[in-house]
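Text of query-v5.cif (mmCIF, C-alpha atoms) as supplied:
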data_input
#
loop_
_atom_site.group_PDB
_atom_site.id
_atom_site.type_symbol
_atom_site.label_atom_id
_atom_site.label_comp_id
_atom_site.auth_asym_id
_atom_site.auth_seq_id
_atom_site.Cartn_x
_atom_site.Cartn_y
_atom_site.Cartn_z
ATOM 1 C CA MET F 202 45.215 142.277 -0.739
ATOM 2 C CA GLU F 203 43.612 142.214 -4.203
ATOM 3 C CA ASN F 204 46.605 143.880 -5.869
ATOM 4 C CA THR F 205 48.973 141.329 -4.372
ATOM 5 C CA LEU F 206 46.664 138.447 -5.300
ATOM 6 C CA GLN F 207 46.841 139.695 -8.887
ATOM 7 C CA LEU F 208 50.635 139.423 -8.734
ATOM 8 C CA VAL F 209 50.227 135.817 -7.595
ATOM 9 C CA ARG F 210 47.925 135.168 -10.557
ATOM 10 C CA ASN F 211 50.611 136.591 -12.852
ATOM 11 C CA ILE F 212 53.176 133.944 -11.839
ATOM 12 C CA ILE F 213 50.933 130.901 -12.337
ATOM 13 C CA PRO F 214 51.942 129.058 -15.503
ATOM 14 C CA PRO F 215 49.079 128.254 -17.871
ATOM 15 C CA LEU F 216 48.117 124.637 -18.364
ATOM 16 C CA SER F 217 49.079 123.367 -21.818
ATOM 17 C CA SER F 218 49.006 120.037 -23.626
ATOM 18 C CA THR F 219 52.436 120.812 -25.089
ATOM 19 C CA LYS F 220 54.201 120.642 -21.719
ATOM 20 C CA HIS F 221 56.137 117.602 -20.533
ATOM 21 C CA LYS F 222 55.957 115.939 -17.120
ATOM 22 C CA GLY F 223 58.002 117.834 -14.585
ATOM 23 C CA GLN F 224 57.941 121.172 -16.369
ATOM 24 C CA ASP F 225 55.514 122.743 -13.879
ATOM 25 C CA GLY F 226 57.465 121.670 -10.836
ATOM 26 C CA ARG F 227 59.495 118.911 -9.257
ATOM 27 C CA ILE F 228 59.427 119.474 -5.506
ATOM 28 C CA GLY F 229 61.396 117.692 -2.773
ATOM 29 C CA VAL F 230 60.333 117.433 0.867
ATOM 30 C CA VAL F 231 63.045 116.621 3.422
ATOM 31 C CA GLY F 232 61.423 115.270 6.567
ATOM 32 C CA GLY F 233 59.691 112.327 8.134
ATOM 33 C CA CYS F 234 60.901 110.122 10.973
ATOM 34 C CA GLN F 235 59.420 107.228 12.918
ATOM 35 C CA GLU F 236 57.259 109.481 15.085
ATOM 36 C CA TYR F 237 56.177 111.982 12.434
ATOM 37 C CA THR F 238 54.894 110.746 9.080
ATOM 38 C CA GLY F 239 51.838 112.943 8.505
ATOM 39 C CA ALA F 240 53.683 116.240 8.102
ATOM 40 C CA PRO F 241 55.877 115.292 5.109
ATOM 41 C CA TYR F 242 52.871 113.653 3.477
ATOM 42 C CA PHE F 243 50.754 116.799 3.920
ATOM 43 C CA ALA F 244 53.520 118.998 2.472
ATOM 44 C CA ALA F 245 54.256 116.733 -0.478
ATOM 45 C CA ILE F 246 50.633 116.040 -1.434
ATOM 46 C CA SER F 247 49.812 119.756 -1.142
ATOM 47 C CA ALA F 248 52.576 120.507 -3.639
ATOM 48 C CA LEU F 249 50.949 118.097 -6.092
ATOM 49 C CA LYS F 250 47.458 119.461 -5.457
ATOM 50 C CA VAL F 251 48.618 123.023 -6.146
ATOM 51 C CA GLY F 252 50.087 121.984 -9.474
ATOM 52 C CA ALA F 253 53.550 120.448 -9.185
ATOM 53 C CA ASP F 254 54.046 117.495 -11.519
ATOM 54 C CA LEU F 255 56.247 115.413 -9.224
ATOM 55 C CA SER F 256 56.687 115.355 -5.469
ATOM 56 C CA HIS F 257 59.533 113.569 -3.677
ATOM 57 C CA VAL F 258 59.873 112.806 0.037
ATOM 58 C CA PHE F 259 63.329 112.183 1.529
ATOM 59 C CA CYS F 260 62.727 110.570 4.904
ATOM 60 C CA ALA F 261 64.039 108.092 7.473
ATOM 61 C CA SER F 262 63.474 104.451 6.548
ATOM 62 C CA ALA F 263 61.035 103.895 9.432
ATOM 63 C CA ALA F 264 58.763 106.567 7.949
ATOM 64 C CA ALA F 265 58.944 105.476 4.312
ATOM 65 C CA PRO F 266 56.458 102.542 4.277
ATOM 66 C CA VAL F 267 53.914 104.630 6.167
ATOM 67 C CA ILE F 268 54.212 107.615 3.823
ATOM 68 C CA LYS F 269 54.057 105.315 0.790
ATOM 69 C CA ALA F 270 50.853 103.817 2.201
ATOM 70 C CA TYR F 271 49.259 107.264 2.489
ATOM 71 C CA SER F 272 49.490 107.883 -1.250
ATOM 72 C CA PRO F 273 50.880 106.230 -4.379
ATOM 73 C CA GLU F 274 51.309 109.712 -5.863
ATOM 74 C CA LEU F 275 54.499 110.428 -3.907
ATOM 75 C CA ILE F 276 58.042 109.306 -4.698
ATOM 76 C CA VAL F 277 59.509 108.249 -1.364
ATOM 77 C CA HIS F 278 63.254 107.910 -0.672
ATOM 78 C CA PRO F 279 64.182 106.256 2.689
ATOM 79 C CA VAL F 280 67.609 107.878 2.914
ATOM 80 C CA LEU F 281 67.690 110.145 5.975
ATOM 81 C CA PHE F 282 69.911 108.269 8.398
ATOM 82 C CA ALA F 283 69.025 108.602 12.083
ATOM 83 C CA GLU F 284 70.915 106.571 14.643
ATOM 84 C CA GLY F 285 68.494 106.937 17.517
ATOM 85 C CA GLY F 286 65.537 108.762 19.025
ATOM 86 C CA ASN F 287 65.539 112.255 20.415
ATOM 87 C CA GLU F 288 67.148 111.053 23.649
ATOM 88 C CA GLY F 289 70.021 109.518 21.680
ATOM 89 C CA PRO F 290 70.423 106.172 23.542
ATOM 90 C CA LEU F 291 71.570 104.496 20.332
ATOM 91 C CA SER F 292 73.723 107.311 19.042
ATOM 92 C CA SER F 293 76.936 105.327 19.531
ATOM 93 C CA ASN F 294 75.510 101.886 18.792
ATOM 94 C CA LYS F 295 77.446 100.619 15.761
ATOM 95 C CA THR F 296 75.304 97.509 15.521
ATOM 96 C CA PHE F 297 72.182 99.631 15.107
ATOM 97 C CA ARG F 298 73.865 101.646 12.387
ATOM 98 C CA ALA F 299 75.004 98.528 10.562
ATOM 99 C CA LEU F 300 71.530 97.019 10.653
ATOM 100 C CA SER F 301 69.716 100.187 9.642
ATOM 101 C CA SER F 302 68.451 100.365 6.058
ATOM 102 C CA ASP F 303 68.905 104.138 6.062
ATOM 103 C CA SER F 304 71.796 105.424 4.029
ATOM 104 C CA PRO F 305 74.851 106.448 6.091
ATOM 105 C CA SER F 306 75.555 109.015 3.349
ATOM 106 C CA ALA F 307 72.213 110.782 3.279
ATOM 107 C CA VAL F 308 73.679 114.013 1.939
ATOM 108 C CA ASP F 309 75.154 112.186 -1.067
ATOM 109 C CA GLU F 310 71.895 110.320 -1.655
ATOM 110 C CA VAL F 311 69.794 113.486 -1.652
ATOM 111 C CA GLU F 312 72.408 115.451 -3.597
ATOM 112 C CA LYS F 313 72.021 113.015 -6.499
ATOM 113 C CA TRP F 314 68.453 114.222 -6.887
ATOM 114 C CA LEU F 315 69.035 117.947 -6.470
ATOM 115 C CA PRO F 316 69.697 118.624 -10.185
ATOM 116 C CA ARG F 317 66.203 117.258 -10.898
ATOM 117 C CA LEU F 318 64.404 119.383 -8.299
ATOM 118 C CA HIS F 319 63.093 122.926 -8.615
ATOM 119 C CA ALA F 320 62.607 123.594 -4.897
ATOM 120 C CA LEU F 321 63.123 121.906 -1.537
ATOM 121 C CA VAL F 322 60.854 122.001 1.529
ATOM 122 C CA VAL F 323 62.903 121.215 4.640
ATOM 123 C CA GLY F 324 61.545 120.316 8.055
ATOM 124 C CA PRO F 325 58.061 118.730 8.057
ATOM 125 C CA GLY F 326 58.129 115.795 10.481
ATOM 126 C CA LEU F 327 61.898 115.947 10.685
ATOM 127 C CA GLY F 328 62.350 115.409 14.418
ATOM 128 C CA ARG F 329 65.459 116.504 16.306
ATOM 129 C CA ASP F 330 67.747 113.498 16.173
ATOM 130 C CA ASP F 331 71.322 114.851 16.116
ATOM 131 C CA VAL F 332 72.536 112.646 13.271
ATOM 132 C CA LEU F 333 69.505 113.400 11.157
ATOM 133 C CA LEU F 334 69.904 117.144 11.725
ATOM 134 C CA ARG F 335 73.581 116.949 10.729
ATOM 135 C CA ASN F 336 72.507 115.324 7.491
ATOM 136 C CA VAL F 337 69.948 118.039 6.888
ATOM 137 C CA GLN F 338 72.631 120.643 7.499
ATOM 138 C CA GLY F 339 74.657 119.038 4.698
ATOM 139 C CA ILE F 340 71.596 118.920 2.432
ATOM 140 C CA LEU F 341 70.985 122.637 2.984
ATOM 141 C CA GLU F 342 74.603 123.418 2.148
ATOM 142 C CA ALA F 343 74.388 121.329 -1.026
ATOM 143 C CA SER F 344 71.127 123.034 -2.006
ATOM 144 C CA LYS F 345 72.641 126.489 -1.560
ATOM 145 C CA ALA F 346 75.635 125.477 -3.670
ATOM 146 C CA ARG F 347 73.213 124.581 -6.477
ATOM 147 C CA ASP F 348 71.148 127.763 -5.968
ATOM 148 C CA ILE F 349 67.992 125.754 -5.230
ATOM 149 C CA PRO F 350 65.151 127.580 -3.447
ATOM 150 C CA VAL F 351 64.417 126.206 0.023
ATOM 151 C CA VAL F 352 61.350 126.562 2.225
ATOM 152 C CA ILE F 353 62.195 125.854 5.881
ATOM 153 C CA ASP F 354 59.552 124.942 8.443
ATOM 154 C CA ALA F 355 59.047 123.030 11.710
ATOM 155 C CA ASP F 356 62.215 121.281 12.951
ATOM 156 C CA GLY F 357 64.120 122.756 10.027
ATOM 157 C CA LEU F 358 63.599 126.053 11.859
ATOM 158 C CA TRP F 359 64.924 124.467 15.044
ATOM 159 C CA LEU F 360 68.137 123.696 13.150
ATOM 160 C CA VAL F 361 68.355 127.246 11.784
ATOM 161 C CA ALA F 362 67.866 128.663 15.296
ATOM 162 C CA GLN F 363 70.892 126.619 16.424
ATOM 163 C CA GLN F 364 72.927 127.642 13.361
ATOM 164 C CA PRO F 365 71.623 130.841 11.723
ATOM 165 C CA ALA F 366 74.708 130.963 9.497
ATOM 166 C CA LEU F 367 73.197 128.065 7.550
ATOM 167 C CA ILE F 368 70.866 130.417 5.696
ATOM 168 C CA GLN F 369 72.478 133.792 6.422
ATOM 169 C CA GLY F 370 72.222 135.880 3.257
ATOM 170 C CA TYR F 371 70.700 133.083 1.170
ATOM 171 C CA GLN F 372 67.920 135.015 -0.517
ATOM 172 C CA LYS F 373 66.337 131.941 -2.082
ATOM 173 C CA ALA F 374 65.279 130.757 1.372
ATOM 174 C CA VAL F 375 61.855 131.272 2.931
ATOM 175 C CA LEU F 376 61.310 130.657 6.654
ATOM 176 C CA THR F 377 57.748 129.945 7.851
ATOM 177 C CA PRO F 378 57.762 130.108 11.683
ATOM 178 C CA ASN F 379 54.723 130.002 13.940
ATOM 179 C CA HIS F 380 54.610 132.129 17.099
ATOM 180 C CA MET F 381 56.973 129.981 19.203
ATOM 181 C CA GLU F 382 59.362 129.247 16.332
ATOM 182 C CA PHE F 383 59.557 132.953 15.505
ATOM 183 C CA SER F 384 60.410 133.859 19.109
ATOM 184 C CA ARG F 385 63.159 131.232 19.169
ATOM 185 C CA LEU F 386 64.627 132.430 15.869
ATOM 186 C CA TYR F 387 64.420 136.079 16.851
ATOM 187 C CA ASP F 388 66.237 135.479 20.129
ATOM 188 C CA ALA F 389 68.911 133.357 18.432
ATOM 189 C CA VAL F 390 69.625 135.935 15.731
ATOM 190 C CA LEU F 391 68.953 139.288 17.434
ATOM 191 C CA ARG F 392 69.817 138.263 21.005
ATOM 192 C CA GLY F 393 66.698 139.654 22.567
ATOM 193 C CA PRO F 394 62.966 139.117 23.016
ATOM 194 C CA VAL F 395 60.389 139.884 20.345
ATOM 195 C CA ASP F 396 58.454 143.128 20.704
ATOM 196 C CA SER F 397 54.934 141.681 20.793
ATOM 197 C CA ASP F 398 53.461 145.134 20.138
ATOM 198 C CA ASP F 399 55.320 145.510 16.842
ATOM 199 C CA ARG F 400 54.920 142.335 14.796
ATOM 200 C CA HIS F 401 55.580 144.136 11.501
ATOM 201 C CA GLY F 402 58.828 145.615 12.778
ATOM 202 C CA SER F 403 59.932 142.352 14.385
ATOM 203 C CA VAL F 404 59.506 140.376 11.164
ATOM 204 C CA LEU F 405 61.261 143.112 9.188
ATOM 205 C CA ARG F 406 64.199 143.189 11.633
ATOM 206 C CA LEU F 407 64.623 139.408 11.655
ATOM 207 C CA SER F 408 64.641 139.289 7.859
ATOM 208 C CA GLN F 409 67.206 142.081 7.694
ATOM 209 C CA ALA F 410 69.392 140.442 10.336
ATOM 210 C CA LEU F 411 69.404 137.220 8.305
ATOM 211 C CA GLY F 412 70.539 139.051 5.186
ATOM 212 C CA ASN F 413 67.120 139.729 3.651
ATOM 213 C CA VAL F 414 65.915 136.149 3.836
ATOM 214 C CA THR F 415 62.125 136.022 3.381
ATOM 215 C CA VAL F 416 60.309 135.392 6.676
ATOM 216 C CA VAL F 417 56.638 134.434 7.044
ATOM 217 C CA GLN F 418 55.359 134.728 10.618
ATOM 218 C CA LYS F 419 52.142 132.718 10.788
ATOM 219 C CA GLY F 420 49.403 133.905 13.096
ATOM 220 C CA GLU F 421 46.008 135.530 13.305
ATOM 221 C CA ARG F 422 47.291 137.502 10.359
ATOM 222 C CA ASP F 423 50.375 136.335 8.509
ATOM 223 C CA ILE F 424 53.193 138.904 8.427
ATOM 224 C CA LEU F 425 55.699 138.543 5.568
ATOM 225 C CA SER F 426 58.935 140.407 4.901
ATOM 226 C CA ASN F 427 62.063 140.197 2.775
ATOM 227 C CA GLY F 428 63.807 142.907 4.804
ATOM 228 C CA GLN F 429 62.667 145.635 2.426
ATOM 229 C CA GLN F 430 58.912 145.236 2.209
ATOM 230 C CA VAL F 431 56.279 143.996 4.657
ATOM 231 C CA LEU F 432 53.066 142.313 3.511
ATOM 232 C CA VAL F 433 50.095 141.286 5.634
ATOM 233 C CA CYS F 434 47.867 138.392 4.626
ATOM 234 C CA SER F 435 44.471 138.660 6.262
ATOM 235 C CA GLN F 436 42.561 136.326 3.946
ATOM 236 C CA GLU F 437 39.648 134.895 5.901
ATOM 237 C CA GLY F 438 40.366 131.522 7.481
ATOM 238 C CA SER F 439 38.674 130.071 10.536
ATOM 239 C CA SER F 440 39.155 129.634 14.264
ATOM 240 C CA ARG F 441 40.182 125.967 13.818
ATOM 241 C CA ARG F 442 43.876 125.370 14.569
ATOM 242 C CA CYS F 443 44.532 121.668 14.010
ATOM 243 C CA GLY F 444 48.039 120.403 13.356
ATOM 244 C CA GLY F 445 49.227 120.149 9.769
ATOM 245 C CA GLN F 446 48.098 123.467 8.330
ATOM 246 C CA GLY F 447 51.683 124.700 8.242
ATOM 247 C CA ASP F 448 52.618 121.664 6.143
ATOM 248 C CA LEU F 449 49.951 122.577 3.609
ATOM 249 C CA LEU F 450 51.463 126.065 3.504
ATOM 250 C CA SER F 451 55.080 124.916 3.130
ATOM 251 C CA GLY F 452 54.267 122.382 0.406
ATOM 252 C CA SER F 453 52.231 124.824 -1.652
ATOM 253 C CA LEU F 454 54.896 127.486 -1.107
ATOM 254 C CA GLY F 455 57.555 125.219 -2.601
ATOM 255 C CA VAL F 456 55.621 125.146 -5.886
ATOM 256 C CA LEU F 457 54.773 128.857 -5.883
ATOM 257 C CA VAL F 458 58.402 129.813 -5.221
ATOM 258 C CA HIS F 459 59.461 127.842 -8.292
ATOM 259 C CA TRP F 460 56.765 129.475 -10.412
ATOM 260 C CA ALA F 461 57.586 132.951 -9.122
ATOM 261 C CA LEU F 462 61.301 132.654 -9.832
ATOM 262 C CA LEU F 463 60.534 131.242 -13.275
ATOM 263 C CA ALA F 464 58.184 134.144 -14.012
ATOM 264 C CA GLY F 465 60.660 136.749 -12.776
ATOM 265 C CA PRO F 466 60.236 140.255 -11.333
ATOM 266 C CA GLU F 467 58.585 141.563 -14.510
ATOM 267 C CA LYS F 468 55.549 139.409 -13.645
ATOM 268 C CA THR F 469 55.555 140.593 -10.030
ATOM 269 C CA ASN F 470 55.722 144.288 -10.886
ATOM 270 C CA GLY F 471 59.141 144.602 -9.279
ATOM 271 C CA SER F 472 58.116 142.975 -6.002
ATOM 272 C CA SER F 473 60.195 140.139 -4.639
ATOM 273 C CA PRO F 474 59.098 136.895 -6.380
ATOM 274 C CA LEU F 475 59.558 134.962 -3.124
ATOM 275 C CA LEU F 476 57.429 137.445 -1.209
ATOM 276 C CA VAL F 477 54.659 137.169 -3.801
ATOM 277 C CA ALA F 478 54.871 133.366 -3.668
ATOM 278 C CA ALA F 479 54.653 133.424 0.124
ATOM 279 C CA PHE F 480 51.607 135.683 0.022
ATOM 280 C CA GLY F 481 49.968 133.266 -2.398
ATOM 281 C CA ALA F 482 50.663 130.249 -0.182
ATOM 282 C CA CYS F 483 49.341 132.036 2.922
ATOM 283 C CA SER F 484 46.176 133.107 1.108
ATOM 284 C CA LEU F 485 45.595 129.625 -0.272
ATOM 285 C CA THR F 486 46.077 127.939 3.101
ATOM 286 C CA ARG F 487 43.634 130.325 4.748
ATOM 287 C CA GLN F 488 41.072 129.851 1.990
ATOM 288 C CA CYS F 489 41.341 126.053 2.325
ATOM 289 C CA ASN F 490 40.856 126.437 6.075
ATOM 290 C CA HIS F 491 37.807 128.639 5.548
ATOM 291 C CA GLN F 492 36.150 126.315 3.040
ATOM 292 C CA ALA F 493 36.808 123.178 5.072
ATOM 293 C CA PHE F 494 35.467 124.829 8.219
ATOM 294 C CA GLN F 495 32.261 125.780 6.419
ATOM 295 C CA LYS F 496 31.673 122.078 5.799
ATOM 296 C CA HIS F 497 33.094 120.406 8.904
ATOM 297 C CA GLY F 498 33.179 123.000 11.683
ATOM 298 C CA ARG F 499 34.964 121.922 14.829
ATOM 299 C CA SER F 500 35.823 118.512 13.379
ATOM 300 C CA THR F 501 37.882 120.048 10.539
ATOM 301 C CA THR F 502 41.294 118.451 9.999
ATOM 302 C CA THR F 503 44.132 119.192 7.608
ATOM 303 C CA SER F 504 42.996 116.343 5.347
ATOM 304 C CA ASP F 505 39.718 118.232 4.923
ATOM 305 C CA MET F 506 41.672 121.368 4.023
ATOM 306 C CA ILE F 507 43.803 119.570 1.439
ATOM 307 C CA ALA F 508 40.619 118.299 -0.191
ATOM 308 C CA GLU F 509 39.723 121.977 -0.727
ATOM 309 C CA VAL F 510 42.970 122.961 -2.490
ATOM 310 C CA GLY F 511 41.571 122.722 -6.010
ATOM 311 C CA ALA F 512 38.442 124.754 -5.323
ATOM 312 C CA ALA F 513 40.319 127.301 -3.199
ATOM 313 C CA PHE F 514 42.986 127.738 -5.876
ATOM 314 C CA ARG F 515 40.321 128.363 -8.544
ATOM 315 C CA LYS F 516 38.490 130.871 -6.335
ATOM 316 C CA LEU F 517 41.587 132.898 -5.510
ATOM 317 C CA PHE F 518 43.669 132.662 -8.651
ATOM 318 C CA GLU F 519 41.583 131.512 -11.601
ATOM 319 C CA THR F 520 38.330 133.471 -11.407
#
I'd like the structure from this file rewritten - as structure tokens, please.
Amino acid sequence: MENTLQLVRNIIPPLSSTKHKGQDGRIGVVGGCQEYTGAPYFAAISALKVGADLSHVFCASAAAPVIKAYSPELIVHPVLFAEGGNEGPLSSNKTFRALSSDSPSAVDEVEKWLPRLHALVVGPGLGRDDVLLRNVQGILEASKARDIPVVIDADGLWLVAQQPALIQGYQKAVLTPNHMEFSRLYDAVLRGPVDSDDRHGSVLRLSQALGNVTVVQKGERDILSNGQQVLVCSQEGSSRRCGGQGDLLSGSLGVLVHWALLAGPEKTNGSSPLLVAAFGACSLTRQCNHQAFQKHGRSTTTSDMIAEVGAAFRKLFET
């Protein structure tokens, strides 16, 4: 653990008065629909708290005013077009589409911003609307074409389970599934059930089957693999499992991935930069959980954990 934490410390860029805004990270979060506004906020604000300079949220128009109200720190783009709810009763309603303030060319709208972004976090609060998911598919393709690192979580993983070819072989992708999401992905890619007695091997095999894409299986201990190496993060957390912790992880991971790739393998002692970044994000999330639980106990929420990011980051990486 300590040796790997030192590798994480190696990739963190020093603060300097000579830097310009945006140099330490411009992160985009793709997610947020009418039902789910907290998740993209948690991911985007976590990216800022970890040290990104700018954090963008690309969401459906119904989610934008809510996310804007959560924080003035975020740049919110209401461009993810969704024609209806999960049941799709409005999917063919042209009047609804005409009246919607969402962009009918969401891929083009997001693609305009891609040259300005260092990493993309895809999935928090995305929902499963068919039109919205088709747009996200196009955004992922555009991101790969520009060689932009992508962190995929939540309903972004649902999309990947339906279409594994979307990220097959793209080694600048990191998947962060929980227990259920991992089982779904594993079955979709390897056509069989997960061996619950061999978590290390299961994560390794899924990563290899996806073309050495980095996989982070969240759990009692987080198991990470890039298809060549397996890491275990057992940093102390707590027994509190409120919703939103995965968003803290994915947002912080977006920043750490950018820093790790910028630092290069010489700073990670030959280890995969994405694997080191993922270990850092897992450790940080667990430390935030631990510190918040010490103060709030059973009533701990993800907002309490995000308030601990600064102190947890200093404890793990700056002392």
- Item | Neighbour list for Val337 of chain F as a list in words, cut-off 8 Å, only C-alpha atoms, skip fewer than 4 positions in-chain | Val231, Val308, Leu333 and Leu341 of chain F
- Residue neighbourhood segment 488-499 of chain F, 9 Å, only C-alpha atoms, exclusion window fewer than 2 positions, as a ChimeraX atom specification: /F:436-441,446,483-486,501-503,505-514,516-517
- Using the chain letters and residue numbers of this document, give as a PyMOL selection string the residues selected by the PyMOL selection byres ((chain F and resi 473) around 12). chain F and resi 205+208-209+212+372-373+375+413-415+425-432+458+461-462+464-472+474-480
- Message: Using all atoms listed in the file, which protein or nucleic acid residues come within 9 Å of Phe259 of chain F? Drop anything in the same chain fewer than 5 positions from it, and give the result as a list in words.
- Response: Gly229, Val230, Val231, Gly232, Gly233, Pro241, Ala265, Ile276, Val277, His278, Pro279, Val280, Leu281 and Val311 of chain F
Residues from last step as file, C-alpha atoms, as a JSON list (two decimals), keeping the file's coordinate frame:
[["chain", "number", "residue", "atom", "x", "y", "z"],
["F", 229, "GLY", "CA", 61.40, 117.69, -2.77],
["F", 230, "VAL", "CA", 60.33, 117.43, 0.87],
["F", 231, "VAL", "CA", 63.04, 116.62, 3.42],
["F", 232, "GLY", "CA", 61.42, 115.27, 6.57],
["F", 233, "GLY", "CA", 59.69, 112.33, 8.13],
["F", 241, "PRO", "CA", 55.88, 115.29, 5.11],
["F", 265, "ALA", "CA", 58.94, 105.48, 4.31],
["F", 276, "ILE", "CA", 58.04, 109.31, -4.70],
["F", 277, "VAL", "CA", 59.51, 108.25, -1.36],
["F", 278, "HIS", "CA", 63.25, 107.91, -0.67],
["F", 279, "PRO", "CA", 64.18, 106.26, 2.69],
["F", 280, "VAL", "CA", 67.61, 107.88, 2.91],
["F", 281, "LEU", "CA", 67.69, 110.14, 5.98],
["F", 311, "VAL", "CA", 69.79, 113.49, -1.65]]
Applying 9 Å and all atoms listed in the file, which residues near Val456 of chain F remain after dropping the ones on its own chain fewer than 2 positions away? List them as a CSV table (one decimal) with C-alpha atoms, in the coordinates of the input.
chain,number,residue,atom,x,y,z
F,225,ASP,CA,55.5,122.7,-13.9
F,226,GLY,CA,57.5,121.7,-10.8
F,227,ARG,CA,59.5,118.9,-9.3
F,228,ILE,CA,59.4,119.5,-5.5
F,248,ALA,CA,52.6,120.5,-3.6
F,249,LEU,CA,50.9,118.1,-6.1
F,251,VAL,CA,48.6,123.0,-6.1
F,252,GLY,CA,50.1,122.0,-9.5
F,253,ALA,CA,53.6,120.4,-9.2
F,319,HIS,CA,63.1,122.9,-8.6
F,320,ALA,CA,62.6,123.6,-4.9
F,452,GLY,CA,54.3,122.4,0.4
F,453,SER,CA,52.2,124.8,-1.7
F,454,LEU,CA,54.9,127.5,-1.1
F,458,VAL,CA,58.4,129.8,-5.2
F,459,HIS,CA,59.5,127.8,-8.3
F,460,TRP,CA,56.8,129.5,-10.4
F,461,ALA,CA,57.6,133.0,-9.1
F,478,ALA,CA,54.9,133.4,-3.7
- Task: Please check which residues have atoms at most 12 Å from (60.3, 142.7, 13.5) in the file's coordinates, counting all atoms listed in the file, and write them as a PyMOL selection string.
- Result: chain F and resi 383-384+386-388+390-391+393-411+416-418+424-431
Spell out the residues picked by the PyMOL selection byres ((chain F and resi 378) around 8) here, as an mmCIF file with C-alpha atoms, in the coordinates of the input.
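Saved file part-v9.cif follows:
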data_model
loop_
_atom_site.group_PDB
_atom_site.id
_atom_site.type_symbol
_atom_site.label_atom_id
_atom_site.label_comp_id
_atom_site.auth_asym_id
_atom_site.auth_seq_id
_atom_site.Cartn_x
_atom_site.Cartn_y
_atom_site.Cartn_z
ATOM 1 C CA ASP F 354 59.552 124.942 8.443
ATOM 2 C CA ALA F 355 59.047 123.030 11.710
ATOM 3 C CA LEU F 358 63.599 126.053 11.859
ATOM 4 C CA LEU F 376 61.310 130.657 6.654
ATOM 5 C CA THR F 377 57.748 129.945 7.851
ATOM 6 C CA ASN F 379 54.723 130.002 13.940
ATOM 7 C CA HIS F 380 54.610 132.129 17.099
ATOM 8 C CA MET F 381 56.973 129.981 19.203
ATOM 9 C CA GLU F 382 59.362 129.247 16.332
ATOM 10 C CA PHE F 383 59.557 132.953 15.505
ATOM 11 C CA VAL F 416 60.309 135.392 6.676
ATOM 12 C CA VAL F 417 56.638 134.434 7.044
ATOM 13 C CA GLN F 418 55.359 134.728 10.618
ATOM 14 C CA LYS F 419 52.142 132.718 10.788
#
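Note that the spacing between atom CA of Ser500 of chain F and atom CA of Cys434 of chain F amounts to 24.8 Å.
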- Message: If the PyMOL selection byres ((chain F and resi 334) around 12) were run on this exact file, what residues would it hold? Put them as a PyMOL selection string.
- Response: chain F and resi 231-234+260-261+281-287+307-308+323-324+326-333+335-341+356-361+363-364
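Atom CA of Lys345 of chain F to atom CA of Arg385 of chain F spans 23.3 Å [interatomic distance, one decimal].
Atom CA of Ala482 of chain F lies 10.1 Å from atom CA of Gly447 of chain F.
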- Item | Spatial neighbours of Ala374 of chain F, max dist 8 Å, all atoms listed in the file, sep filter under 5 positions, as a PyMOL selection string | chain F and resi 350-353+368+414-415
The centre and edge lengths of an axis-aligned box containing all atoms of segment 376-393 of chain F present in the file, extended by 6 Å on each side, are to be given in Å to one decimal, as JSON.
{"center_x": 62.2, "center_y": 134.5, "center_z": 14.6, "size_x": 27.2, "size_y": 22.4, "size_z": 27.9}
- Of the candidates F:Val433, F:Tyr271, F:Asn204, F:Ser451, which shows the shortest atom-to-atom distance to Gly239 of chain F, using only C-alpha atoms? F:Tyr271
